[in-house]
$ cat input_10.cif   # mmCIF, C-alpha atoms
data_structure
loop_
_atom_site.label_atom_id
_atom_site.label_comp_id
_atom_site.auth_asym_id
_atom_site.auth_seq_id
_atom_site.Cartn_x
_atom_site.Cartn_y
_atom_site.Cartn_z
CA GLN P 1 0.00 0.00 0.00
CA ARG P 2 1.26 3.41 -0.96
CA ASN P 3 2.12 5.67 1.95
CA ASN P 4 0.43 9.08 1.74
CA HIS P 5 3.33 10.63 3.66
CA THR P 6 5.96 12.00 1.28
CA GLU P 7 9.49 11.69 2.54
CA THR P 8 12.02 14.40 1.72
CA ASN P 9 14.98 13.26 -0.28
CA ASP P 10 18.34 14.43 1.03
CA SER P 11 19.17 15.77 -2.43
CA GLU P 12 15.95 17.76 -2.71
CA ILE P 13 16.37 21.56 -2.74
CA VAL P 14 14.18 23.25 -0.14
CA ILE P 15 13.25 26.80 -1.10
CA PRO P 16 13.09 28.97 2.03
CA LYS P 17 10.02 31.00 2.74
CA ARG P 18 10.07 34.75 2.20
CA PRO P 19 11.26 36.42 5.40
CA LYS P 20 8.94 38.58 7.39
CA GLU P 21 8.98 42.26 6.62
CA ILE P 22 10.56 44.48 9.27
CA THR P 23 9.84 48.20 9.51
CA ILE P 24 12.51 50.54 10.84
CA GLU P 25 10.94 53.76 12.07
CA LEU P 26 12.50 57.05 12.99
CA PRO P 27 11.40 58.34 16.40
CA SER P 28 8.48 60.74 16.25
CA ILE P 29 8.63 64.30 17.53
CA SER P 30 6.43 63.40 20.51
CA GLN P 31 8.84 60.60 21.42
CA LEU P 32 11.90 62.81 21.11
CA LEU P 33 10.37 65.43 23.40
CA THR P 34 10.37 62.84 26.20
CA GLN P 35 14.11 62.21 25.80
CA ASP P 36 16.51 64.15 28.01
CA ASN P 37 18.85 64.84 25.10
CA GLY P 38 16.40 64.72 22.21
CA LEU P 39 17.47 63.21 18.89
CA GLU P 40 21.13 63.63 19.79
CA GLY P 41 20.71 61.28 22.74
CA VAL P 42 18.83 58.72 20.63
CA LEU P 43 21.55 58.64 17.98
CA LYS P 44 24.29 58.37 20.58
CA ALA P 45 22.51 55.32 22.01
CA ASP P 46 22.29 53.76 18.53
CA LEU P 47 25.62 51.97 18.88
CA HIS P 48 25.21 49.97 15.67
CA SER P 49 24.20 53.04 13.63
CA ILE P 50 20.96 51.42 12.49
CA TYR P 51 19.30 54.77 11.82
CA LYS P 52 22.25 56.06 9.81
CA LEU P 53 22.39 52.83 7.80
CA HIS P 54 18.79 53.20 6.64
CA PHE P 55 18.17 56.96 6.68
CA GLY P 56 21.53 58.56 5.91
CA THR P 57 23.57 61.13 7.82
CA ASN P 58 22.62 62.60 11.18
CA ALA P 59 21.64 65.84 9.43
CA ASN P 60 19.41 63.94 6.99
CA ILE P 61 17.74 62.10 9.88
CA ALA P 62 17.03 65.39 11.65
CA ALA P 63 15.60 66.90 8.46
CA LYS P 64 13.33 63.90 7.83
CA ILE P 65 11.87 64.22 11.32
CA LEU P 66 11.49 68.01 11.32
CA THR P 67 9.89 68.24 7.86
CA THR P 68 6.63 67.08 9.45
CA LEU P 69 6.50 70.60 10.93
CA GLY P 70 6.85 72.21 7.51
CA LYS P 71 3.19 72.06 6.57
CA GLY P 72 -0.20 72.03 8.21
CA ASP P 73 -1.01 73.53 11.59
CA ILE P 74 1.80 74.42 13.95
CA PRO P 75 1.65 72.28 17.14
CA PRO P 76 -0.08 74.22 19.95
CA ASP P 77 2.89 73.67 22.29
CA VAL P 78 5.10 75.81 20.08
CA GLU P 79 3.53 78.90 21.64
CA ASN P 80 5.06 77.86 25.00
CA GLU P 81 8.58 78.26 23.64
CA VAL P 82 10.81 81.31 24.09
CA PRO P 83 12.41 82.62 20.86
CA LEU P 84 16.21 82.72 20.92
CA PRO P 85 17.39 86.34 20.53
CA ARG P 86 19.99 87.10 17.89
CA SER P 87 22.84 89.43 18.80
CA SER P 88 23.16 92.70 16.91
CA GLN P 89 26.62 91.61 15.71
CA THR P 90 25.15 88.43 14.22
CA ILE P 91 22.35 90.37 12.54
CA GLN P 92 24.88 92.60 10.81
CA LYS P 93 27.02 89.63 9.78
CA CYS P 94 24.02 87.72 8.37
CA SER P 95 22.83 90.77 6.45
CA ASP P 96 26.06 91.27 4.52
CA GLY P 97 25.74 89.87 1.00
CA SER P 98 22.67 87.76 1.78
CA ASP P 99 19.36 87.34 -0.04
CA THR P 100 17.58 87.22 3.31
CA LEU P 101 17.25 89.68 6.17
CA PRO P 102 17.76 88.16 9.63
CA SER P 103 15.14 88.97 12.23
CA ARG P 104 15.57 89.52 15.94
CA PHE P 105 15.46 85.76 16.55
CA VAL P 106 17.85 82.96 15.64
CA GLY P 107 16.58 80.86 12.73
CA VAL P 108 14.15 83.50 11.45
CA PHE P 109 14.56 85.61 8.30
CA ARG P 110 12.67 88.12 6.20
CA VAL P 111 12.92 87.50 2.46
CA PHE P 112 13.66 90.41 0.14
CA GLY P 113 10.50 91.55 -1.61
CA ASP P 114 8.18 90.34 1.14
CA GLU P 115 9.46 91.87 4.37
CA SER P 116 6.02 91.53 5.98
CA SER P 117 6.37 87.75 6.29
CA TYR P 118 9.01 85.51 7.79
CA ALA P 119 10.81 82.27 7.00
CA VAL P 120 12.15 79.82 9.59
CA ALA P 121 15.14 77.56 9.02
CA ILE P 122 15.93 74.11 10.40
CA PRO P 123 18.50 74.19 13.23
CA GLU P 124 21.98 72.96 12.52
CA PHE P 125 22.36 69.45 13.94
CA ARG P 126 25.49 67.61 15.00
CA VAL P 127 26.04 64.69 17.37
CA ASP P 128 28.76 65.00 20.02
CA CYS P 129 29.42 68.56 18.92
CA LEU P 130 26.84 70.82 20.57
CA THR P 131 27.24 74.31 19.18
CA PRO P 132 25.29 77.53 19.83
CA PRO P 133 21.95 77.54 17.99
CA ASN P 134 22.46 78.17 14.30
CA GLU P 135 20.65 77.60 11.02
CA ALA P 136 21.38 74.50 8.93
CA THR P 137 22.80 75.18 5.48
CA VAL P 138 23.57 73.21 2.31
CA ASN P 139 25.33 73.91 -0.98
CA ASN P 140 27.89 76.36 0.35
CA GLY P 141 25.66 78.32 2.68
CA GLN P 142 22.14 78.01 1.29
CA LEU P 143 19.65 78.04 4.16
CA CYS P 144 17.50 74.96 4.83
CA LEU P 145 14.14 76.70 5.23
CA LEU P 146 11.28 74.80 6.84
CA ARG P 147 8.46 77.33 6.38
CA VAL P 148 8.14 80.50 4.33
CA GLY P 149 5.40 83.10 4.60
CA MET P 150 4.84 83.07 8.37
CA LYS P 151 3.11 86.27 9.46
CA GLU P 152 4.32 86.41 13.06
CA GLU P 153 8.02 86.87 13.75
CA LYS P 154 7.61 85.59 17.31
CA THR P 155 5.84 82.42 16.20
CA ALA P 156 8.64 81.70 13.72
CA GLY P 157 11.18 82.17 16.51
CA GLN P 158 9.22 79.89 18.81
CA LEU P 159 9.10 77.20 16.12
CA PHE P 160 12.88 77.31 15.76
CA ALA P 161 13.32 76.96 19.53
CA TYR P 162 10.85 74.06 19.50
CA MET P 163 12.90 72.28 16.82
CA TYR P 164 16.08 72.89 18.83
CA ARG P 165 14.43 71.22 21.82
CA VAL P 166 13.46 68.22 19.64
CA LEU P 167 17.04 67.85 18.43
CA TYR P 168 19.00 68.45 21.64
CA GLY P 169 16.57 68.15 24.54
CA THR P 170 15.10 70.44 27.17
CA LYS P 171 18.31 70.91 29.16
CA ALA P 172 20.28 72.08 26.13
CA LEU P 173 17.58 74.62 25.27
CA SER P 174 17.38 75.80 28.88
CA ASP P 175 21.16 76.28 28.98
CA VAL P 176 21.00 78.40 25.81
CA LEU P 177 18.24 80.58 27.25
CA LYS P 178 20.15 81.00 30.52
CA GLU P 179 23.24 82.08 28.60
CA ASN P 180 21.15 84.57 26.62
CA GLN P 181 19.71 85.88 29.87
CA GLN P 182 23.20 86.44 31.24
CA ASP P 183 24.23 88.27 28.07
CA LEU P 184 21.20 90.55 28.35
CA THR P 185 21.95 91.19 32.01
CA SER P 186 25.45 92.23 31.02
CA GLN P 187 24.01 94.62 28.43
CA VAL P 188 21.72 96.13 31.07
CA THR P 189 24.71 96.88 33.24
CA SER P 190 26.47 98.65 30.39
CA GLY P 191 23.69 99.86 28.11
CA GLY P 192 20.44 100.13 30.03
CA LEU P 193 18.38 97.35 28.38
CA LYS P 194 15.35 96.05 30.19
CA VAL P 195 15.49 92.32 30.96
CA GLU P 196 12.35 90.28 31.34
CA GLU P 197 12.01 87.69 34.08
CA PRO P 198 13.32 84.27 33.00
CA ILE P 199 10.64 81.79 32.00
CA THR P 200 10.46 78.29 33.47
CA LEU P 201 10.52 75.71 30.71
CA GLU P 202 8.46 72.56 30.58
CA LYS P 203 8.53 69.77 28.02
CA PRO P 204 5.80 70.26 25.42
CA THR P 205 4.24 67.32 23.63
CA THR P 206 2.85 66.86 20.18
CA LEU P 207 1.59 63.99 18.08
CA GLU P 208 3.50 63.50 14.85
CA GLU P 209 3.69 60.40 12.68
CA PRO P 210 7.24 58.98 12.41
CA GLN P 211 9.03 58.62 9.11
CA SER P 212 9.62 54.95 8.26
CA VAL P 213 11.14 52.65 5.70
CA LYS P 214 10.29 48.98 5.08
CA LEU P 215 13.10 46.47 4.85
CA ASP P 216 13.36 42.82 3.90
CA VAL P 217 15.65 40.69 6.02
#

$ encode --input "input_10.cif" --output "structure tokens"
Amino acid sequence: QRNNHTETNDSEIVIPKRPKEITIELPSISQLLTQDNGLEGVLKADLHSIYKLHFGTNANIAAKILTTLGKGDIPPDVENEVPLPRSSQTIQKCSDGSDTLPSRFVGVFRVFGDESSYAVAIPEFRVDCLTPPNEATVNNGQLCLLRVGMKEEKTAGQLFAYMYRVLYGTKALSDVLKENQQDLTSQVTSGGLKVEEPITLEKPTTLEEPQSVKLDV
């Protein structure tokens, strides 16, 4: 009698099944706001550089995450941020030979021909090299603008500060604001500027969908 069970011959080639699909996701903005050191801390903890392998350089990763803020409504928590003041020396330096006019706040510019509206740039991002807040640039100094046509200078400045918090964490942003406060205090002593009371910072939250890529393993 023929056996219904089919035995596998040792010489038979067994074709493996298609592996399961794995999705690698970048952290969302809401997740990064819960991290002490923001995106910088996350990438430092990524010892095997998984994010860099699938999404590119650290700057590219930051841009992919922040571009979700480039359209649609601005998260309500942005209004809780304090814009980062730009020194008068920096304003003069940025104005020389530029197609944009820097505003009072770091990361914010007025475009020639439409001085009634403002543009906000993405913050410069580096891991293990925390520098004073500055605008990210490409192609020999071209600004990486996130939004153009914002009507409120303060809101644009708050959005830049919000992005800086996402990238570097609450402590880094607080340290920058404290340093700015000390600089203003020094100017009061010598020049008579009025300094506002420092503002206590709290971590804002927002809901943003993470960027992702699907991989086959």

$ resolve_selection --input "input_10.cif" --expression "the PyMOL selection byres ((chain P and resi 176) around 12)" --output "ChimeraX atom specification"
/P:82-86,106,130-134,161,164-165,168-175,177-183,201

$ atom_distance --input "input_10.cif" --atom1 "CA of Leu39 in chain P" --atom2 "CA of Val78 in chain P"
17.7 Å

$ resolve_selection --input "input_10.cif" --expression "the PyMOL selection byres ((chain P and resi 136-143) around 6)" --output "PyMOL selection string"
chain P and resi 122-124+135+144-145

$ residues_near_point --input "input_10.cif" --point "(12.4, 62.2, 11.1)" --cutoff "9 Å" --atoms "all atoms listed in the file" --output "mmCIF file with C-alpha atoms, in the coordinates of the input"
data_model
loop_
_atom_site.group_PDB
_atom_site.id
_atom_site.type_symbol
_atom_site.label_atom_id
_atom_site.label_comp_id
_atom_site.auth_asym_id
_atom_site.auth_seq_id
_atom_site.Cartn_x
_atom_site.Cartn_y
_atom_site.Cartn_z
ATOM 1 C CA GLU P 25 10.940 53.760 12.070
ATOM 2 C CA LEU P 26 12.500 57.050 12.990
ATOM 3 C CA PRO P 27 11.400 58.340 16.400
ATOM 4 C CA SER P 28 8.480 60.740 16.250
ATOM 5 C CA ILE P 29 8.630 64.300 17.530
ATOM 6 C CA PHE P 55 18.170 56.960 6.680
ATOM 7 C CA ASN P 60 19.410 63.940 6.990
ATOM 8 C CA ILE P 61 17.740 62.100 9.880
ATOM 9 C CA ALA P 62 17.030 65.390 11.650
ATOM 10 C CA ALA P 63 15.600 66.900 8.460
ATOM 11 C CA LYS P 64 13.330 63.900 7.830
ATOM 12 C CA ILE P 65 11.870 64.220 11.320
ATOM 13 C CA LEU P 66 11.490 68.010 11.320
ATOM 14 C CA THR P 67 9.890 68.240 7.860
ATOM 15 C CA THR P 68 6.630 67.080 9.450
ATOM 16 C CA PRO P 210 7.240 58.980 12.410
ATOM 17 C CA GLN P 211 9.030 58.620 9.110
ATOM 18 C CA SER P 212 9.620 54.950 8.260
#

$ atom_distance --input "input_10.cif" --atom1 "CA of Arg104 in chain P" --atom2 "CA of Phe160 in chain P"
12.5 Å

$ axis_aligned_box --input "input_10.cif" --around "range 119-136 of chain P" --padding-each-side "6 Å" --output "AutoDock Vina command-line options"
--center_x 20.1 --center_y 73.5 --center_z 13.8 --size_x 30.6 --size_y 29.6 --size_z 25.6

$ closest_residue --input "input_10.cif" --among "P:Asn58, P:Lys52, P:Phe125, P:Val111" --to "Val166 in chain P" --atoms "only C-alpha atoms"
P:Phe125

$ residues_near_point --input "input_10.cif" --point "(19.2, 62.5, 23.3)" --cutoff "10 Å" --atoms "only C-alpha atoms" --output "ChimeraX atom specification"
/P:32-45,127,166-170

$ atom_distance --input "input_10.cif" --atom1 "CA of Gln31 in chain P" --atom2 "CA of Ala119 in chain P"
26.1 Å

$ resolve_selection --input "input_10.cif" --expression "the PyMOL selection byres ((chain P and resi 117) around 7)" --output "PDB file with C-alpha atoms, in the coordinates of the input"
ATOM      1  CA  ARG P 110      12.670  88.120   6.200  1.00  0.00           C
ATOM      2  CA  ASP P 114       8.180  90.340   1.140  1.00  0.00           C
ATOM      3  CA  GLU P 115       9.460  91.870   4.370  1.00  0.00           C
ATOM      4  CA  SER P 116       6.020  91.530   5.980  1.00  0.00           C
ATOM      5  CA  TYR P 118       9.010  85.510   7.790  1.00  0.00           C
ATOM      6  CA  GLY P 149       5.400  83.100   4.600  1.00  0.00           C
ATOM      7  CA  MET P 150       4.840  83.070   8.370  1.00  0.00           C
ATOM      8  CA  LYS P 151       3.110  86.270   9.460  1.00  0.00           C
TER       9      LYS P 151
END
